[in-house]
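Data file: my_file-v7.txt. Format and content: compact mmCIF, C-alpha atoms.
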# COMPACT_ATOMS: atom_id res chain seq x y z
CA MET A 1 -213.41 -117.90 -59.05
CA THR A 2 -215.69 -115.02 -59.99
CA LYS A 3 -219.29 -115.89 -60.84
CA ILE A 4 -222.08 -113.82 -62.34
CA GLY A 5 -225.17 -115.68 -61.29
CA SER A 6 -224.34 -119.27 -62.23
CA ILE A 7 -221.83 -118.23 -64.92
CA ASP A 8 -218.20 -118.96 -64.05
CA LEU A 9 -215.67 -116.44 -65.29
CA ALA A 10 -212.13 -117.72 -65.40
CA PRO A 11 -210.01 -115.66 -65.58
CA PRO A 12 -212.05 -112.68 -64.26
CA PHE A 13 -211.11 -110.48 -67.21
CA ALA A 14 -213.70 -109.21 -69.69
CA LEU A 15 -213.65 -107.48 -73.06
CA ALA A 16 -215.61 -104.23 -72.89
CA PRO A 17 -218.30 -103.33 -75.40
CA MET A 18 -217.05 -100.67 -77.81
CA ALA A 19 -219.36 -99.39 -80.53
CA GLY A 20 -218.03 -100.08 -84.01
CA MET A 21 -215.04 -102.01 -82.69
CA THR A 22 -215.87 -105.16 -80.71
CA ASP A 23 -217.81 -107.03 -83.39
CA THR A 24 -218.11 -110.82 -83.30
CA ALA A 25 -214.97 -111.24 -85.45
CA PHE A 26 -212.82 -109.20 -83.07
CA ARG A 27 -214.29 -110.94 -80.02
CA ARG A 28 -213.57 -114.39 -81.47
CA LEU A 29 -209.97 -113.52 -82.20
CA VAL A 30 -209.49 -112.19 -78.66
CA LYS A 31 -210.99 -115.36 -77.18
CA ARG A 32 -208.68 -117.52 -79.32
CA ARG A 33 -205.66 -115.83 -77.79
CA GLY A 34 -206.81 -116.88 -74.32
CA GLY A 35 -207.28 -115.27 -70.92
CA CYS A 36 -210.60 -113.55 -71.61
CA GLY A 37 -213.34 -114.85 -69.33
CA LEU A 38 -216.24 -112.85 -70.80
CA VAL A 39 -217.03 -110.86 -73.94
CA VAL A 40 -219.73 -108.20 -74.19
CA THR A 41 -221.34 -107.24 -77.50
CA GLU A 42 -221.54 -103.75 -78.87
CA MET A 43 -224.51 -101.98 -77.30
CA VAL A 44 -227.85 -102.81 -78.88
CA SER A 45 -230.98 -100.66 -78.92
CA SER A 46 -233.86 -102.12 -76.93
CA GLU A 47 -236.28 -100.44 -79.33
CA GLY A 48 -234.50 -101.96 -82.30
CA LEU A 49 -234.59 -105.43 -80.75
CA VAL A 50 -238.29 -105.22 -79.97
CA ARG A 51 -239.08 -103.96 -83.46
CA GLY A 52 -236.84 -106.57 -85.07
CA GLY A 53 -234.60 -104.20 -87.03
CA ASP A 54 -232.02 -106.01 -89.17
CA ARG A 55 -229.16 -103.65 -88.28
CA THR A 56 -229.90 -104.00 -84.57
CA LEU A 57 -229.84 -107.79 -84.81
CA GLU A 58 -226.43 -107.66 -86.48
CA TYR A 59 -224.99 -105.98 -83.40
CA ALA A 60 -226.37 -108.77 -81.20
CA GLU A 61 -224.98 -111.67 -83.26
CA TYR A 62 -222.43 -113.94 -81.64
CA THR A 63 -220.93 -117.40 -82.07
CA GLU A 64 -220.56 -120.38 -79.75
CA GLU A 65 -216.82 -119.91 -79.37
CA GLU A 66 -217.40 -116.55 -77.71
CA ARG A 67 -219.17 -118.02 -74.67
CA PRO A 68 -219.80 -116.92 -72.06
CA VAL A 69 -221.24 -113.93 -73.88
CA SER A 70 -223.18 -110.93 -72.62
CA ILE A 71 -225.42 -108.88 -74.90
CA GLN A 72 -225.55 -105.24 -73.83
CA ILE A 73 -228.74 -103.28 -74.45
CA PHE A 74 -229.64 -99.63 -73.93
CA GLY A 75 -232.93 -97.87 -73.36
CA GLY A 76 -234.91 -96.13 -70.65
CA ASP A 77 -238.38 -97.65 -70.68
CA PRO A 78 -238.72 -100.51 -68.15
CA ALA A 79 -241.31 -102.43 -70.18
CA ARG A 80 -239.35 -102.16 -73.44
CA MET A 81 -236.09 -103.08 -71.72
CA ALA A 82 -237.80 -106.11 -70.18
CA ALA A 83 -239.13 -107.13 -73.60
CA ALA A 84 -235.66 -106.68 -75.11
CA ALA A 85 -234.15 -108.77 -72.31
CA ARG A 86 -236.55 -111.60 -73.15
CA ILE A 87 -235.38 -111.44 -76.78
CA VAL A 88 -231.75 -111.56 -75.64
CA GLU A 89 -232.54 -114.59 -73.50
CA GLY A 90 -234.30 -116.18 -76.47
CA MET A 91 -231.16 -115.68 -78.53
CA GLY A 92 -229.31 -117.87 -76.04
CA ALA A 93 -227.07 -115.22 -74.47
CA ASP A 94 -225.56 -116.06 -71.09
CA ILE A 95 -226.02 -112.57 -69.63
CA VAL A 96 -227.92 -109.40 -70.50
CA ASP A 97 -226.16 -106.15 -69.62
CA VAL A 98 -227.69 -102.69 -69.20
CA ASN A 99 -225.75 -99.73 -70.57
CA MET A 100 -225.77 -96.93 -67.99
CA GLY A 101 -222.39 -95.60 -69.03
CA CYS A 102 -222.59 -94.29 -72.59
CA PRO A 103 -222.01 -90.50 -72.53
CA VAL A 104 -222.84 -89.94 -76.21
CA HIS A 105 -225.55 -87.30 -76.55
CA LYS A 106 -227.72 -89.17 -79.05
CA ILE A 107 -228.02 -92.02 -76.51
CA ALA A 108 -228.12 -90.05 -73.28
CA ARG A 109 -230.77 -87.59 -74.47
CA HIS A 110 -233.36 -90.40 -74.58
CA SER A 111 -233.09 -91.27 -70.87
CA ALA A 112 -230.68 -94.05 -71.77
CA GLY A 113 -226.98 -94.66 -71.32
CA CYS A 114 -225.39 -92.58 -68.58
CA SER A 115 -228.42 -90.29 -68.26
CA LEU A 116 -230.09 -93.14 -66.32
CA MET A 117 -227.61 -92.36 -63.53
CA ARG A 118 -229.36 -89.01 -63.12
CA GLU A 119 -232.55 -90.88 -62.23
CA PRO A 120 -231.39 -93.63 -59.84
CA ALA A 121 -234.88 -94.70 -58.78
CA HIS A 122 -235.92 -95.05 -62.42
CA ALA A 123 -232.67 -96.88 -63.25
CA ALA A 124 -233.43 -99.40 -60.51
CA GLU A 125 -236.95 -99.80 -61.90
CA VAL A 126 -235.48 -100.68 -65.32
CA VAL A 127 -233.26 -103.34 -63.76
CA ARG A 128 -236.10 -104.75 -61.64
CA ALA A 129 -238.37 -105.11 -64.68
CA MET A 130 -235.65 -106.95 -66.57
CA VAL A 131 -234.79 -109.26 -63.67
CA GLN A 132 -238.45 -110.22 -63.36
CA ALA A 133 -238.66 -110.88 -67.11
CA VAL A 134 -235.72 -113.27 -67.58
CA SER A 135 -233.91 -116.13 -65.88
CA ILE A 136 -230.41 -115.21 -67.09
CA PRO A 137 -228.30 -112.78 -65.02
CA VAL A 138 -228.92 -109.06 -65.50
CA THR A 139 -225.85 -106.86 -65.08
CA VAL A 140 -225.19 -103.12 -65.31
CA LYS A 141 -222.30 -101.06 -66.67
CA MET A 142 -222.18 -97.54 -65.26
CA ARG A 143 -219.80 -94.65 -64.76
CA ALA A 144 -218.75 -92.74 -61.64
CA GLY A 145 -221.67 -90.39 -62.18
CA TRP A 146 -223.00 -87.78 -64.56
CA ASP A 147 -220.42 -85.09 -63.69
CA ALA A 148 -218.16 -84.03 -60.83
CA THR A 149 -221.15 -82.67 -58.89
CA ALA A 150 -223.13 -85.90 -59.20
CA ILE A 151 -220.85 -88.81 -58.28
CA ASN A 152 -223.44 -91.42 -57.33
CA ALA A 153 -222.07 -94.81 -58.43
CA PRO A 154 -221.92 -96.17 -54.82
CA ASP A 155 -225.58 -95.31 -54.19
CA LEU A 156 -226.78 -96.54 -57.59
CA ALA A 157 -224.90 -99.81 -57.20
CA LYS A 158 -226.79 -100.53 -53.97
CA ARG A 159 -230.11 -99.69 -55.64
CA ILE A 160 -229.53 -102.00 -58.60
CA GLU A 161 -228.31 -104.75 -56.28
CA ASP A 162 -231.61 -104.45 -54.39
CA ALA A 163 -233.40 -104.58 -57.76
CA GLY A 164 -231.82 -107.95 -58.48
CA ALA A 165 -228.74 -107.19 -60.60
CA ALA A 166 -226.18 -110.01 -60.55
CA ALA A 167 -223.09 -107.81 -61.08
CA VAL A 168 -222.03 -104.27 -61.88
CA THR A 169 -219.15 -102.75 -63.81
CA VAL A 170 -217.95 -99.26 -62.96
CA HIS A 171 -215.90 -97.10 -65.29
CA GLY A 172 -214.26 -94.59 -62.99
CA ARG A 173 -214.92 -91.50 -65.10
CA THR A 174 -218.02 -89.33 -65.25
CA ALA A 175 -220.09 -88.87 -68.38
CA ALA A 176 -218.83 -85.29 -68.56
CA GLN A 177 -215.23 -86.54 -68.64
CA SER A 178 -215.94 -88.99 -71.44
CA TYR A 179 -212.43 -90.49 -71.84
CA SER A 180 -210.40 -87.52 -70.58
CA GLY A 181 -208.60 -87.44 -67.26
CA PHE A 182 -208.15 -90.64 -65.29
CA SER A 183 -210.38 -93.44 -64.07
CA ASP A 184 -211.03 -93.14 -60.30
CA TRP A 185 -210.19 -96.59 -58.99
CA GLU A 186 -210.58 -95.43 -55.39
CA LEU A 187 -214.23 -94.76 -56.15
CA ILE A 188 -214.54 -98.11 -57.93
CA GLY A 189 -213.18 -99.76 -54.78
CA GLU A 190 -215.77 -97.89 -52.69
CA VAL A 191 -218.53 -99.30 -54.90
CA ALA A 192 -217.11 -102.82 -54.58
CA SER A 193 -216.94 -102.53 -50.79
CA GLY A 194 -220.54 -101.36 -50.57
CA VAL A 195 -222.33 -104.25 -52.30
CA ARG A 196 -222.35 -108.04 -52.13
CA ILE A 197 -222.58 -108.67 -55.88
CA PRO A 198 -219.38 -108.83 -57.96
CA VAL A 199 -218.02 -105.48 -59.10
CA PHE A 200 -215.81 -105.17 -62.17
CA GLY A 201 -213.59 -102.15 -62.55
CA SER A 202 -212.84 -100.39 -65.81
CA GLY A 203 -210.61 -97.62 -67.07
CA ASP A 204 -206.93 -97.04 -67.88
CA CYS A 205 -205.88 -100.69 -67.94
CA VAL A 206 -203.73 -100.73 -71.06
CA GLU A 207 -200.97 -103.02 -69.75
CA PRO A 208 -201.46 -106.55 -68.35
CA GLN A 209 -199.69 -105.69 -65.10
CA GLN A 210 -202.22 -102.91 -64.47
CA MET A 211 -205.02 -105.50 -64.56
CA ILE A 212 -203.22 -107.62 -61.97
CA ASP A 213 -202.51 -104.58 -59.79
CA ARG A 214 -206.19 -103.57 -59.78
CA LEU A 215 -207.29 -107.04 -58.72
CA ARG A 216 -204.66 -107.11 -55.99
CA ASP A 217 -205.04 -103.57 -54.67
CA THR A 218 -208.81 -103.04 -54.80
CA PRO A 219 -211.83 -105.13 -53.73
CA VAL A 220 -213.05 -105.58 -57.32
CA ARG A 221 -213.80 -109.12 -58.50
CA GLY A 222 -212.81 -108.57 -62.11
CA VAL A 223 -211.45 -106.11 -64.67
CA LEU A 224 -213.14 -104.94 -67.87
CA VAL A 225 -210.71 -103.85 -70.61
CA GLY A 226 -211.59 -101.70 -73.61
CA ARG A 227 -209.00 -99.63 -75.44
CA GLY A 228 -206.15 -101.72 -74.03
CA ALA A 229 -207.48 -104.71 -75.97
CA LEU A 230 -207.71 -102.71 -79.19
CA ARG A 231 -204.01 -101.90 -78.85
CA ASN A 232 -203.07 -105.38 -77.68
CA PRO A 233 -205.55 -108.27 -78.12
CA TRP A 234 -203.09 -110.46 -76.17
CA ILE A 235 -203.52 -108.37 -73.01
CA PHE A 236 -205.86 -110.95 -71.43
CA SER A 237 -203.60 -113.94 -71.97
CA GLN A 238 -200.64 -111.91 -70.73
CA ALA A 239 -202.52 -110.88 -67.58
CA ALA A 240 -203.62 -114.49 -67.01
CA ALA A 241 -199.98 -115.58 -67.22
CA LEU A 242 -198.98 -112.93 -64.66
CA ALA A 243 -201.79 -114.06 -62.35
CA GLN A 244 -200.28 -117.55 -62.44
CA GLY A 245 -196.79 -116.28 -61.70
CA ARG A 246 -195.56 -116.76 -65.27
CA ALA A 247 -193.90 -114.23 -67.52
CA PRO A 248 -196.23 -113.10 -70.32
CA GLY A 249 -195.11 -114.19 -73.75
CA GLU A 250 -193.75 -111.71 -76.25
CA VAL A 251 -195.92 -111.07 -79.30
CA SER A 252 -193.97 -111.02 -82.55
CA LEU A 253 -194.61 -108.64 -85.42
CA GLU A 254 -195.65 -111.60 -87.53
CA GLU A 255 -198.26 -112.61 -84.93
CA ARG A 256 -199.61 -109.07 -84.91
CA GLY A 257 -199.86 -109.14 -88.67
CA GLN A 258 -201.56 -112.54 -88.64
CA PHE A 259 -204.20 -111.17 -86.27
CA LEU A 260 -205.15 -108.52 -88.84
CA LEU A 261 -205.18 -111.01 -91.70
CA GLU A 262 -207.47 -113.32 -89.72
CA TYR A 263 -209.67 -110.35 -88.88
CA VAL A 264 -210.04 -109.53 -92.58
CA ASP A 265 -211.01 -113.15 -93.32
CA LEU A 266 -213.60 -113.29 -90.53
CA LEU A 267 -215.12 -109.97 -91.55
CA LEU A 268 -215.54 -111.24 -95.09
CA GLN A 269 -217.17 -114.42 -93.78
CA GLU A 270 -219.57 -112.33 -91.68
CA GLN A 271 -220.83 -110.66 -94.82
CA THR A 272 -221.41 -113.81 -96.83
CA GLN A 273 -222.15 -116.77 -94.56
CA GLU A 274 -225.73 -117.93 -94.17
CA ALA A 275 -227.25 -117.99 -90.69
CA ASP A 276 -227.34 -121.79 -90.42
CA GLY A 277 -226.58 -121.98 -86.76
CA PHE A 278 -223.35 -120.02 -87.14
CA ARG A 279 -224.95 -116.89 -85.75
CA HIS A 280 -227.62 -116.39 -83.15
CA VAL A 281 -230.52 -114.15 -84.18
CA ALA A 282 -233.86 -113.46 -82.60
CA PRO A 283 -236.47 -116.19 -83.07
CA GLY A 284 -238.43 -115.75 -86.28
CA GLN A 285 -235.96 -113.27 -87.74
CA ALA A 286 -234.37 -113.96 -91.12
CA PRO A 287 -230.70 -113.15 -91.67
CA THR A 288 -229.82 -109.94 -93.43
CA ALA A 289 -229.09 -110.38 -97.14
CA PRO A 290 -225.35 -110.11 -97.95
CA ALA A 291 -224.20 -106.77 -99.32
CA PRO A 292 -222.84 -106.55 -102.88
CA ALA A 293 -219.20 -107.64 -103.21
CA ARG A 294 -217.84 -104.11 -103.62
CA GLY A 295 -219.81 -102.94 -100.61
CA ARG A 296 -218.40 -105.82 -98.57
CA GLU A 297 -214.83 -104.86 -99.49
CA ARG A 298 -215.40 -101.23 -98.53
CA TRP A 299 -216.98 -102.26 -95.22
CA VAL A 300 -214.01 -104.48 -94.34
CA ILE A 301 -211.48 -101.80 -95.27
CA ASN A 302 -213.33 -99.26 -93.12
CA LYS A 303 -213.32 -101.70 -90.18
CA LEU A 304 -209.54 -102.12 -90.50
CA ARG A 305 -209.10 -98.36 -90.63
CA ALA A 306 -211.05 -97.96 -87.39
CA LEU A 307 -209.14 -100.71 -85.57
CA ASN A 308 -205.72 -99.53 -86.71
CA SER A 309 -206.14 -96.10 -85.19
CA TRP A 310 -205.64 -98.04 -81.93
CA TYR A 311 -203.77 -101.19 -83.01
CA THR A 312 -200.79 -99.27 -84.39
CA LYS A 313 -200.20 -97.13 -81.28
CA GLY A 314 -196.68 -97.67 -80.00
CA LEU A 315 -195.54 -99.58 -83.10
CA ASP A 316 -192.39 -98.40 -84.83
CA ASN A 317 -193.51 -96.65 -88.02
CA GLY A 318 -197.12 -97.26 -87.00
CA SER A 319 -198.16 -94.03 -88.71
CA HIS A 320 -196.90 -95.44 -92.02
CA LEU A 321 -199.12 -98.49 -91.59
CA ARG A 322 -202.13 -96.29 -90.81
CA VAL A 323 -201.55 -94.26 -93.96
CA ALA A 324 -201.11 -97.39 -96.08
CA ILE A 325 -204.31 -98.99 -94.76
CA ASN A 326 -206.22 -95.73 -95.14
CA THR A 327 -205.27 -95.59 -98.82
CA ALA A 328 -205.93 -99.26 -99.62
CA GLU A 329 -208.70 -99.65 -102.19
CA SER A 330 -209.18 -103.43 -102.31
CA ILE A 331 -208.89 -106.50 -100.10
CA PRO A 332 -205.82 -107.87 -101.98
CA GLN A 333 -204.12 -104.51 -101.56
CA LEU A 334 -205.07 -104.45 -97.88
CA ARG A 335 -203.58 -107.91 -97.33
CA ASP A 336 -200.39 -106.91 -99.16
CA VAL A 337 -200.03 -103.82 -96.95
CA ILE A 338 -200.37 -105.94 -93.81
CA ARG A 339 -197.92 -108.60 -95.00
CA ASP A 340 -195.38 -106.03 -96.15
CA PHE A 341 -195.44 -104.20 -92.82
CA PHE A 342 -195.50 -107.13 -90.39
CA VAL A 343 -194.14 -110.21 -92.12
CA THR A 344 -191.45 -108.73 -94.37
CA ARG A 345 -190.09 -106.55 -91.58
CA GLU A 346 -189.95 -109.57 -89.24
CA ARG A 347 -187.62 -111.55 -91.51
CA PRO A 348 -183.88 -110.95 -91.08
CA SER A 349 -182.09 -109.40 -94.02
CA PRO A 350 -179.95 -111.88 -95.99
CA ALA A 351 -176.26 -111.73 -95.21
CA CYS A 352 -174.18 -109.75 -97.65
CA ALA A 353 -171.92 -111.83 -99.89
In structure tokens, write the structure found in this file.
Amino acid sequence: MTKIGSIDLAPPFALAPMAGMTDTAFRRLVKRRGGCGLVVTEMVSSEGLVRGGDRTLEYAEYTEEERPVSIQIFGGDPARMAAAARIVEGMGADIVDVNMGCPVHKIARHSAGCSLMREPAHAAEVVRAMVQAVSIPVTVKMRAGWDATAINAPDLAKRIEDAGAAAVTVHGRTAAQSYSGFSDWELIGEVASGVRIPVFGSGDCVEPQQMIDRLRDTPVRGVLVGRGALRNPWIFSQAAALAQGRAPGEVSLEERGQFLLEYVDLLLQEQTQEADGFRHVAPGQAPTAPAPARGRERWVINKLRALNSWYTKGLDNGSHLRVAINTAESIPQLRDVIRDFFVTRERPSPACA
């Protein structure tokens, strides 16, 4: 069994943080399908947490059914990151994760995200300050390095281990690659062989068998899955079945449609439900006031549009579903589009008389 600090992860498969995608509704639905040992929130600004910004707190919200849950934060100032880690601990999170992998310029230009890999001594200082500030495990998600001339994940992993990190995840691409090319699992294995703490590998696992192969063929202790889960939220349960020597179950069109309908319902609940223990927010912070009804509908439709750019890949006539969802103007219309595509197509045609 893989452990991060005292937190047991079974199975050792985790849902990666993806900005704008892995909200609490999506994470809950993935957990309900089984096989996911850990979920990580969308990345949260340390500055926003310390200042108590409403939008920032929304990104950090989670529910009890998501546990164990890790809240990922980004920033470059050790004192502010330590203060943010204390807020995360106060919110009841099981783990606090440091983003050292985001290649987006607006993050990296502020000595945060993957730019921390360019300053390994400073990156270790950030981790050390956080470890000293909280009792929950501190973990790090990084990339192979900044670019092809600065592949330093093995060295940085040793530094953050010495600083007290409980685990590290390595995405085997550089910041310069973003999501082009291929994830270097040989390098990820080198990182895992060089430290005592658990190492999770990430990148290019879009089929359940690939997750099993990485666990078998490399010294990693777990696998973090991002885009593969957006395409197939059942990927974790399917990989767990393979790990137990069972054939993964087939997912019907109707099940795929039901996932989207449940997602719509949960997103609507997110916008209207009072924070009466359902969500975890920072101590002393009031919940954000619900948006007007029309604004809620538009927000939900936009979330479905974003997910379906991935969810429909590989589906017969998936482009037709994308177009239909992109032109939906109301929640009832959105539900009808989903039912028509998934449920109606699943039913056999009546026999001709």
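With only C-alpha atoms as the atoms that count, the minimum distance from Ala306 (chain A) to the choices A:Met21, A:Val223, A:Leu38, A:Met142 is reached by A:Met21.
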Please return as number ranges by chain every residue within 7 Å of (-225.4, -112.5, -66.1), taking into account all atoms listed in the file and the file's own coordinates. A: 4-5, 7, 94-96, 136-139, 166
Mind checking which residues fall within 12 Å of Gln244 (chain A), counting only C-alpha atoms, ignoring those fewer than 6 positions away in the same chain, and posting them as a VMD selection string? chain A and resid 11 35 212 237 to 238
Put those residues in a file: C-alpha atoms, as a PDB file, keeping the file's coordinate frame.
ATOM      1  CA  PRO A  11    -210.010-115.660 -65.580  1.00  0.00           C
ATOM      2  CA  GLY A  35    -207.280-115.270 -70.920  1.00  0.00           C
ATOM      3  CA  ILE A 212    -203.220-107.620 -61.970  1.00  0.00           C
ATOM      4  CA  SER A 237    -203.600-113.940 -71.970  1.00  0.00           C
ATOM      5  CA  GLN A 238    -200.640-111.910 -70.730  1.00  0.00           C
TER       6      GLN A 238
END
List the neighbours of Ala60 (chain A) out to 7 Å using all atoms listed in the file; skip same-chain residues closer than 4 positions along the sequence, and give me the result as a list in words.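 Selected residues are Thr41, Val44, Thr56 and Ile71 of chain A.
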Around the point (-217.6, -116.8, -81.0) (coordinates from the file), which residues reach within 8 Å if we count all atoms listed in the file? Answer as a compact mmCIF listing (two decimals) with C-alpha atoms, in the frame of the given file.
# COMPACT_ATOMS: atom_id res chain seq x y z
CA THR A 24 -218.11 -110.82 -83.30
CA ALA A 25 -214.97 -111.24 -85.45
CA ARG A 27 -214.29 -110.94 -80.02
CA ARG A 28 -213.57 -114.39 -81.47
CA LYS A 31 -210.99 -115.36 -77.18
CA TYR A 62 -222.43 -113.94 -81.64
CA THR A 63 -220.93 -117.40 -82.07
CA GLU A 64 -220.56 -120.38 -79.75
CA GLU A 65 -216.82 -119.91 -79.37
CA GLU A 66 -217.40 -116.55 -77.71
CA ARG A 67 -219.17 -118.02 -74.67
Using Å and a single decimal, report how far CA of Trp310 (chain A) sits from CA of Pro332 (chain A). 22.3 Å
Counting only C-alpha atoms, figure out which residue out of A:Glu262, A:Asp217, A:Glu161, A:Asp77 gets nearest to Gly113 (chain A). A:Asp77
